[in-house]
Amino acid sequence: QVQLVESGGGLVQPGGSLRLSCSASEDIYKIYTMGWYRQTPGKQRELVASARSGGAVDYADSVKGRFTIARDIAKNEVYLQMSSLKTEDTAVYYCNAAPPGKLWGQGTQVTVSS
């Protein structure tokens with residue numbers, strides 16, 4: 001069973017950047033697609049970026065051109081580089097398989113505010 005630990009969140013001004021990291025306890029090459037999700041209070045968790053084991057990536061329209069997902073198979077890690085951050089990017093960010101498994105990590109809070 002995969003355990004996931006997210007890190008790298010924080011407070012950043014609009015236009016700033018952050019890099020999120022996700023450490024997986026199990027070999028993630030066994031998981032075909034890994035994704036980053038985010039959730040704000042009162043809303044459903046949404047998938048914002050995904051990366052297939054073969055290298056193909058996909059992004060939600062709201063983050064396309066600003067976020068970059070990457071996988072390091074050797075380190076069992078998944079990253080999300082976020083640039084040109086907007087206030088609407090404020091959320092708790094999670095990583096998981098896509099589609100997601102039942103267990104989630106604790107997430108990492110990203111707050112974009114001046």
# chains A, B, ... in the order shown; residues from 1 in each chain; ligands from 1
>>> residues_around(residues="A:Leu103", least_positions_apart="2", cutoff="10 Å", atoms="only C-alpha atoms", output="PDB file with N, CA and C atoms, in the first residue's frame")
ATOM      1  N   GLN A   1       0.852  -1.191   0.000  1.00  0.00           N
ATOM      2  CA  GLN A   1       0.000   0.000   0.000  1.00  0.00           C
ATOM      3  C   GLN A   1       0.884   1.236   0.000  1.00  0.00           C
ATOM      4  N   VAL A   2       0.600   2.122  -0.897  1.00  0.00           N
ATOM      5  CA  VAL A   2       1.436   3.308  -1.052  1.00  0.00           C
ATOM      6  C   VAL A   2       1.102   4.326   0.016  1.00  0.00           C
ATOM      7  N   GLN A   3       2.123   4.846   0.673  1.00  0.00           N
ATOM      8  CA  GLN A   3       1.949   5.980   1.566  1.00  0.00           C
ATOM      9  C   GLN A   3       2.604   7.184   0.931  1.00  0.00           C
ATOM     10  N   LEU A   4       1.960   8.322   1.039  1.00  0.00           N
ATOM     11  CA  LEU A   4       2.383   9.521   0.337  1.00  0.00           C
ATOM     12  C   LEU A   4       2.584  10.668   1.311  1.00  0.00           C
ATOM     13  N   ASN A  96      -1.278  11.736  -5.522  1.00  0.00           N
ATOM     14  CA  ASN A  96      -1.884  10.413  -5.487  1.00  0.00           C
ATOM     15  C   ASN A  96      -1.802   9.848  -6.893  1.00  0.00           C
ATOM     16  N   PRO A 100      -7.215   8.274  -8.290  1.00  0.00           N
ATOM     17  CA  PRO A 100      -6.593   8.162  -6.968  1.00  0.00           C
ATOM     18  C   PRO A 100      -6.939   6.889  -6.218  1.00  0.00           C
ATOM     19  N   GLY A 101      -5.989   6.463  -5.353  1.00  0.00           N
ATOM     20  CA  GLY A 101      -6.257   5.385  -4.431  1.00  0.00           C
ATOM     21  C   GLY A 101      -7.084   5.902  -3.268  1.00  0.00           C
ATOM     22  N   GLY A 105      -2.365  11.422   1.590  1.00  0.00           N
ATOM     23  CA  GLY A 105      -1.431  11.993   2.549  1.00  0.00           C
ATOM     24  C   GLY A 105      -2.071  13.177   3.255  1.00  0.00           C
ATOM     25  N   GLN A 106      -1.263  13.879   4.036  1.00  0.00           N
ATOM     26  CA  GLN A 106      -1.799  14.998   4.804  1.00  0.00           C
ATOM     27  C   GLN A 106      -1.931  16.263   3.968  1.00  0.00           C
TER      28      GLN A 106
END
>>> residues_around(residues="stretch 84-89 of chain A", least_positions_apart="3", cutoff="12 Å", atoms="only C-alpha atoms", output="PyMOL selection string")
chain A and resi 9-19+37-40+46+48+62-68+81+92-93+109-114
>>> select_by_dssp(residues="stretch 4-112 of chain A", states="helix (DSSP H, G or I)", output="list in words")
Ile28, Tyr29, Lys30, Ile73, Ala74, Lys75, Thr87, Glu88 and Asp89 of chain A
>>> closest_residue(among="A:Ser7, A:Ser53, A:Thr108, A:Gln44", to="A:Ile73", atoms="only C-alpha atoms")
A:Ser53
>>> select_by_dssp(residues="chain A", states="strand (DSSP E)", output="ChimeraX atom specification")
/A:4-7,10-12,18-24,33-39,46-52,57-59,67-72,77-82,91-97,108-112
>>> residues_around(residues="A:Ala74", least_positions_apart="2", cutoff="9 Å", atoms="only C-alpha atoms", output="number ranges by chain")
A: 27, 29, 71-72, 76-77
>>> write_last_selection(atoms="C-alpha atoms", output="PDB file, in the first residue's frame")
ATOM      1  CA  ASP A  27       7.950   2.021  -5.999  1.00  0.00           C
ATOM      2  CA  TYR A  29       6.955   3.032 -11.285  1.00  0.00           C
ATOM      3  CA  ARG A  71       8.639  12.226 -11.611  1.00  0.00           C
ATOM      4  CA  ASP A  72      11.909  10.882 -10.261  1.00  0.00           C
ATOM      5  CA  ASN A  76      10.151   7.491  -5.654  1.00  0.00           C
ATOM      6  CA  GLU A  77       9.225  11.167  -5.781  1.00  0.00           C
TER       7      GLU A  77
END
>>> atom_distance(atom1="atom CA of A:Ala24", atom2="atom CA of A:Ala60")
22.9 Å
>>> residues_around(residues="A:Val57", least_positions_apart="4", cutoff="10 Å", atoms="only C-alpha atoms", output="VMD selection string")
chain A and resid 33 to 35 49 to 53 68 to 70
>>> write_last_selection(atoms="all heavy atoms", output="mmCIF file, in the first residue's frame")
data_model
loop_
_atom_site.group_PDB
_atom_site.id
_atom_site.type_symbol
_atom_site.label_atom_id
_atom_site.label_comp_id
_atom_site.auth_asym_id
_atom_site.auth_seq_id
_atom_site.Cartn_x
_atom_site.Cartn_y
_atom_site.Cartn_z
ATOM 1 N N THR A 33 0.040 6.224 -13.586
ATOM 2 C CA THR A 33 -0.072 7.673 -13.639
ATOM 3 C C THR A 33 -0.109 8.244 -12.224
ATOM 4 O O THR A 33 -0.864 7.763 -11.388
ATOM 5 C CB THR A 33 -1.342 8.110 -14.385
ATOM 6 O OG1 THR A 33 -1.327 7.549 -15.700
ATOM 7 C CG2 THR A 33 -1.439 9.617 -14.478
ATOM 8 N N MET A 34 0.722 9.245 -11.975
ATOM 9 C CA MET A 34 0.716 9.974 -10.712
ATOM 10 C C MET A 34 0.185 11.371 -10.960
ATOM 11 O O MET A 34 0.417 11.960 -12.027
ATOM 12 C CB MET A 34 2.115 10.058 -10.125
ATOM 13 C CG MET A 34 2.620 8.752 -9.570
ATOM 14 S SD MET A 34 1.690 8.209 -8.106
ATOM 15 C CE MET A 34 2.086 9.503 -6.938
ATOM 16 N N GLY A 35 -0.499 11.901 -9.970
ATOM 17 C CA GLY A 35 -1.085 13.230 -10.148
ATOM 18 C C GLY A 35 -0.961 14.105 -8.927
ATOM 19 O O GLY A 35 -0.725 13.620 -7.817
ATOM 20 N N ALA A 49 -2.621 18.218 -12.298
ATOM 21 C CA ALA A 49 -1.521 17.783 -13.155
ATOM 22 C C ALA A 49 -1.319 16.287 -12.989
ATOM 23 O O ALA A 49 -1.508 15.755 -11.898
ATOM 24 C CB ALA A 49 -0.227 18.520 -12.813
ATOM 25 N N SER A 50 -0.945 15.613 -14.074
ATOM 26 C CA SER A 50 -0.682 14.177 -14.006
ATOM 27 C C SER A 50 0.480 13.833 -14.910
ATOM 28 O O SER A 50 0.721 14.506 -15.928
ATOM 29 C CB SER A 50 -1.926 13.379 -14.384
ATOM 30 O OG SER A 50 -2.328 13.669 -15.703
ATOM 31 N N ALA A 51 1.180 12.758 -14.539
ATOM 32 C CA ALA A 51 2.346 12.310 -15.298
ATOM 33 C C ALA A 51 2.313 10.800 -15.430
ATOM 34 O O ALA A 51 2.291 10.081 -14.426
ATOM 35 C CB ALA A 51 3.633 12.751 -14.606
ATOM 36 N N ARG A 52 2.291 10.311 -16.649
ATOM 37 C CA ARG A 52 2.310 8.879 -16.898
ATOM 38 C C ARG A 52 3.729 8.346 -16.751
ATOM 39 O O ARG A 52 4.692 9.114 -16.879
ATOM 40 C CB ARG A 52 1.764 8.583 -18.288
ATOM 41 C CG ARG A 52 0.323 9.001 -18.486
ATOM 42 C CD ARG A 52 -0.165 8.670 -19.889
ATOM 43 N NE ARG A 52 -1.532 9.074 -20.122
ATOM 44 C CZ ARG A 52 -1.892 10.292 -20.483
ATOM 45 N NH1 ARG A 52 -0.979 11.228 -20.635
ATOM 46 N NH2 ARG A 52 -3.158 10.578 -20.695
ATOM 47 N N SER A 53 3.837 7.052 -16.526
ATOM 48 C CA SER A 53 5.161 6.462 -16.354
ATOM 49 C C SER A 53 5.989 6.578 -17.623
ATOM 50 O O SER A 53 7.216 6.608 -17.567
ATOM 51 C CB SER A 53 5.042 4.996 -15.932
ATOM 52 O OG SER A 53 4.308 4.270 -16.887
ATOM 53 N N THR A 68 4.397 22.670 -13.669
ATOM 54 C CA THR A 68 5.110 21.586 -14.329
ATOM 55 C C THR A 68 5.225 20.415 -13.373
ATOM 56 O O THR A 68 5.727 20.570 -12.256
ATOM 57 C CB THR A 68 6.514 22.026 -14.768
ATOM 58 O OG1 THR A 68 6.413 23.156 -15.636
ATOM 59 C CG2 THR A 68 7.226 20.888 -15.494
ATOM 60 N N ILE A 69 4.775 19.245 -13.810
ATOM 61 C CA ILE A 69 4.869 18.026 -12.998
ATOM 62 C C ILE A 69 6.049 17.199 -13.495
ATOM 63 O O ILE A 69 6.335 17.165 -14.701
ATOM 64 C CB ILE A 69 3.552 17.216 -13.050
ATOM 65 C CG1 ILE A 69 3.615 16.042 -12.073
ATOM 66 C CG2 ILE A 69 3.252 16.762 -14.472
ATOM 67 C CD1 ILE A 69 2.274 15.309 -11.924
ATOM 68 N N ALA A 70 6.723 16.542 -12.553
ATOM 69 C CA ALA A 70 7.859 15.699 -12.920
ATOM 70 C C ALA A 70 7.940 14.528 -11.950
ATOM 71 O O ALA A 70 7.546 14.651 -10.788
ATOM 72 C CB ALA A 70 9.153 16.501 -12.890
#
